[in-house]
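Take a look at the structure below.
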Amino acid sequence: MALAPNLHVFRHRAYLHYWLMRVSIAAARQMEAVAIGWQVYNVARDPAETGGLGWGIEHSAFLLGLVGLSQFVPVLLLSLVGGQAADRLNRKMILLVTISVRILVSFGLLASVFLPASYALPIIFGVAATLGCVNAFVPAAANSLFPRLVPRAELPTAIAWNSLGFQTATITGPAIGGLIYAFGGAEAVYITAIVIACFSFTALATAKTPPHEKVLNVRGWSMVFEGLGYIRRNKIVLGAISLDLVVVFFGGAKALLPVFARDILFVGEVGLGFLQASVAVGAAIVAFMLATRPLSRNVGPWMMWAVGIYGAATLVFGLSTMFWLSFAALAVTGAADQISVFVRASLIQLATPDEMKGRVSSVSFIFISASNELGEFESGVAARLLGPVGAVVLGGGMAIVTALLWSRLFPDLTRADRFDGVEEQAVRTS
């Protein structure tokens with residue numbers, strides 16, 4: 001019996017193994033993110049853990065922002081090296097090594113549960129920095145490996161299934177992580193994440209991937225500058241990844257969710273898990289639609305409208321004091337952001353030669369990571385100055401303004417119609 005069209009891409013067994021690895025490691029990461037955020041915020045707010053003081057909401061929110069900063073700095077420093085490594089070294093082996101490191105540092109998180117705050121917080125920040133180093137190498141290797149596992153014509157479908165798998169993990173990871181935390185504590189979350197990460201390692205290790213083709217005659221920083229030059233020349237790709245940087249940098253509210261869960265919506269750690277998952281609920285719905293019917297026309301306008309909707313939904317979340325409305329608003333932000341993710345990923349994969357995919361992906365990930373990890377730091381600083389509600393409202397407004405501004409700064413992106421047309425333009429400008 002023939003596979004349904006939307007599942008046809010999984011007939012490629014190497015891609016199936018890759019997809020299982022991607023989904024399982026994403027689930028483990030999301031579960032750990034819930035535990036880390038709640039553990040850090042709880043420790044900061046608990047007088048018994050802070051020498052009888054118990055830090056205030058704004059100070060504790062700022063501490064959450066520092067967790068994001070700890071992950072971003074290594075990404076900023078090492079991502080270009082990671083991109084070069086993905087083009088020079090075996091991409092599958094890079095991924096296996098990074099998963100192994102992730103498993104090892106998860107044992108550090110497990111140990112932090114049983115230690116006082118004076119030891120636990122430095123361990124958590126040290127793990128966050130180590131994971132930042134890992135994340136500097138993962139995206140370039142992963143995004144350069146999977147296009148070789150499927151035919152070029154099936155890349156948009158594979159990209160959509162990658163997003164759907166990730167969003168599904170992002171839904172189940174925080175929700176299950178919150179429930180496990182509520183009934184078994186942070187240690188149960190970390191143990192579960194370790195087991196899932198081991199499965200991820202096995203799935204990739206048993207995949208029969210094609211041999212790596214090394215880039216010849218280009219070494220060192222010349223490889224890095226070549227990737228940067230490509231992005232600078234291709235205004236559509238530059239506009240897409242820089243738009244995501246600015247919008248999520250200012251508009252992201254994810255780092256402040258523990259604040260909203262505990263002190264604004266009063267829903268506790270279980271509610272925190274569902275709030276974290278709500279973003280992925282909306283994203284998964286859109287990702288499933290894109291997996292069955294990928295966008296083929298008006299990709300630029302779709303992206304711009306999605307950013308505007310993302311900003312409006314962020315404003316609603318910031319002003320809401322009702323859990324169901326906050327959940328719905330976050331789901332809309334996830335749905336809108338998924339359109340942006342799909343367009344950006346398709347542009348990069350279809351318009352970039354295979355021998356440059358690692359470097360271009362690494363530059364793209366610096367933008368993405370800056371918008372996430374550094375954005376978490378910005379949210380913490382803004383919450384310290386404006387309060388958590390003011391920080392989120394500011395972010396939503398900035399997202400709307402950015403969409404309007406980028407439509408003027410990057411008219412080629414705004415008018416982009418088909419992905420194949422973008423590919424032809426990339427060939428002419430490279």
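Each chain in the structure tokens gets a letter, A, B, ..., in the order shown, and its residues are numbered from 1; ligands are numbered from 1 in order too.
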Exercise. Excluding range 24-33 of chain A and residues on its chain fewer than 6 positions from it, collect all residues at most 6 Å away from it, counting only C-alpha atoms, and give them as a ChimeraX atom specification.
Key: /A:169,173-174,177,193,197,200
Practice problem: Considering only C-alpha atoms, return as a ChimeraX atom specification whatever protein or nucleic-acid residues lie within 8 Å of Leu275 in chain A, sequence-local ones (same chain, fewer than 4 positions apart) excluded. | Solution: /A:257,261,271,279,326-327,330
Could the residues in this selection be saved with all heavy atoms as a CSV table (one decimal), in the first residue's frame?
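New file again.csv:
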```
chain,number,residue,atom,x,y,z
A,257,LEU,N,7.7,33.3,31.5
A,257,LEU,CA,6.6,32.4,31.8
A,257,LEU,C,6.5,32.0,33.3
A,257,LEU,O,5.4,31.9,33.9
A,257,LEU,CB,6.5,31.2,30.9
A,257,LEU,CG,6.2,31.6,29.4
A,257,LEU,CD1,6.0,30.3,28.6
A,257,LEU,CD2,4.9,32.4,29.3
A,261,ALA,N,3.2,32.4,35.5
A,261,ALA,CA,2.6,31.3,36.1
A,261,ALA,C,2.5,31.4,37.6
A,261,ALA,O,1.4,31.0,38.2
A,261,ALA,CB,3.4,30.0,35.7
A,271,GLY,N,0.6,24.6,35.5
A,271,GLY,CA,0.2,25.6,34.6
A,271,GLY,C,1.4,26.2,33.7
A,271,GLY,O,1.2,26.5,32.6
A,279,VAL,N,2.5,27.6,23.2
A,279,VAL,CA,3.1,28.1,22.0
A,279,VAL,C,3.3,27.1,20.9
A,279,VAL,O,3.0,27.3,19.7
A,279,VAL,CB,4.5,28.7,22.3
A,279,VAL,CG1,5.2,29.3,21.1
A,279,VAL,CG2,4.4,29.8,23.4
A,326,SER,N,-4.5,33.7,28.1
A,326,SER,CA,-3.1,33.7,28.0
A,326,SER,C,-2.6,32.5,27.2
A,326,SER,O,-1.8,32.6,26.3
A,326,SER,CB,-2.4,33.7,29.4
A,326,SER,OG,-2.8,34.8,30.1
A,327,PHE,N,-3.3,31.4,27.4
A,327,PHE,CA,-3.0,30.1,26.7
A,327,PHE,C,-3.2,30.4,25.2
A,327,PHE,O,-2.4,30.0,24.3
A,327,PHE,CB,-3.8,29.0,27.2
A,327,PHE,CG,-3.5,27.6,26.6
A,327,PHE,CD1,-2.6,26.8,27.2
A,327,PHE,CD2,-4.1,27.3,25.4
A,327,PHE,CE1,-2.3,25.5,26.6
A,327,PHE,CE2,-3.8,26.0,24.8
A,327,PHE,CZ,-2.9,25.2,25.4
A,330,LEU,N,-0.7,32.8,23.5
A,330,LEU,CA,0.5,32.2,23.2
A,330,LEU,C,0.5,31.2,22.1
A,330,LEU,O,1.4,31.0,21.3
A,330,LEU,CB,1.0,31.5,24.5
A,330,LEU,CG,1.5,32.4,25.6
A,330,LEU,CD1,1.9,31.5,26.9
A,330,LEU,CD2,2.8,33.2,25.2
```
What are the closest atom pairs, with distances in Å to one decimal, for each residue of range 238-284 of chain A lying within 12 Å of range 304-318 of chain A, using only C-alpha atoms, rows by chain and rising residue number, as a Markdown table?
```
| residue | atom | partner | partner_atom | distance |
| --- | --- | --- | --- | --- |
| A:Gly239 | CA | A:Met304 | CA | 10.8 |
| A:Ala240 | CA | A:Met304 | CA | 9.5 |
| A:Leu243 | CA | A:Val307 | CA | 8.7 |
| A:Asp244 | CA | A:Val307 | CA | 8.5 |
| A:Leu245 | CA | A:Val307 | CA | 11.6 |
| A:Val246 | CA | A:Val307 | CA | 10.6 |
| A:Val247 | CA | A:Val307 | CA | 7.5 |
| A:Val248 | CA | A:Tyr310 | CA | 9.4 |
| A:Phe249 | CA | A:Gly311 | CA | 11.8 |
| A:Phe250 | CA | A:Gly311 | CA | 9.7 |
| A:Gly251 | CA | A:Gly311 | CA | 6.7 |
| A:Gly252 | CA | A:Thr314 | CA | 8.0 |
| A:Ala253 | CA | A:Thr314 | CA | 7.7 |
| A:Lys254 | CA | A:Thr314 | CA | 10.5 |
| A:Leu256 | CA | A:Gly318 | CA | 10.3 |
| A:Leu257 | CA | A:Gly318 | CA | 10.4 |
| A:Val259 | CA | A:Gly318 | CA | 11.6 |
| A:Phe260 | CA | A:Gly318 | CA | 9.1 |
| A:Ile264 | CA | A:Gly318 | CA | 10.2 |
| A:Leu265 | CA | A:Phe317 | CA | 11.0 |
| A:Leu275 | CA | A:Phe317 | CA | 10.7 |
| A:Ser278 | CA | A:Phe317 | CA | 11.6 |
| A:Val279 | CA | A:Thr314 | CA | 10.9 |
| A:Gly282 | CA | A:Tyr310 | CA | 11.3 |
| A:Ala283 | CA | A:Tyr310 | CA | 11.5 |
```
Quiz prompt | Residue list (alpha helix (DSSP H), DSSP) for range 274-330 of chain A, as number ranges by chain | solution = A: 274-292, 299-319, 323-330
Quiz item: By how many Å are CA of Thr321 in chain A and CA of Glu269 in chain A apart?
Solution: 16.9 Å
Quiz item: What's the 7 Å shell around Gly178 in chain A, counting only C-alpha atoms, without same-chain residues fewer than 6 positions away, as a ChimeraX atom specification?
Solution: /A:34,269-270,272-273
Restricted to N, CA and C atoms, what would the selected residues look like written as a tab-separated table (two decimals), in the first residue's frame?
```tsv
chain	number	residue	atom	x	y	z
A	34	VAL	N	11.81	23.51	31.31
A	34	VAL	CA	10.79	23.74	32.33
A	34	VAL	C	11.38	23.57	33.72
A	269	GLU	N	3.41	25.13	38.83
A	269	GLU	CA	4.32	24.49	37.88
A	269	GLU	C	3.58	23.72	36.79
A	270	VAL	N	2.40	23.16	37.12
A	270	VAL	CA	1.64	22.47	36.09
A	270	VAL	C	1.15	23.46	35.04
A	272	LEU	N	2.57	26.24	34.36
A	272	LEU	CA	3.75	26.66	33.61
A	272	LEU	C	4.02	25.72	32.46
A	273	GLY	N	3.92	24.41	32.72
A	273	GLY	CA	4.14	23.45	31.65
A	273	GLY	C	3.16	23.65	30.51
```
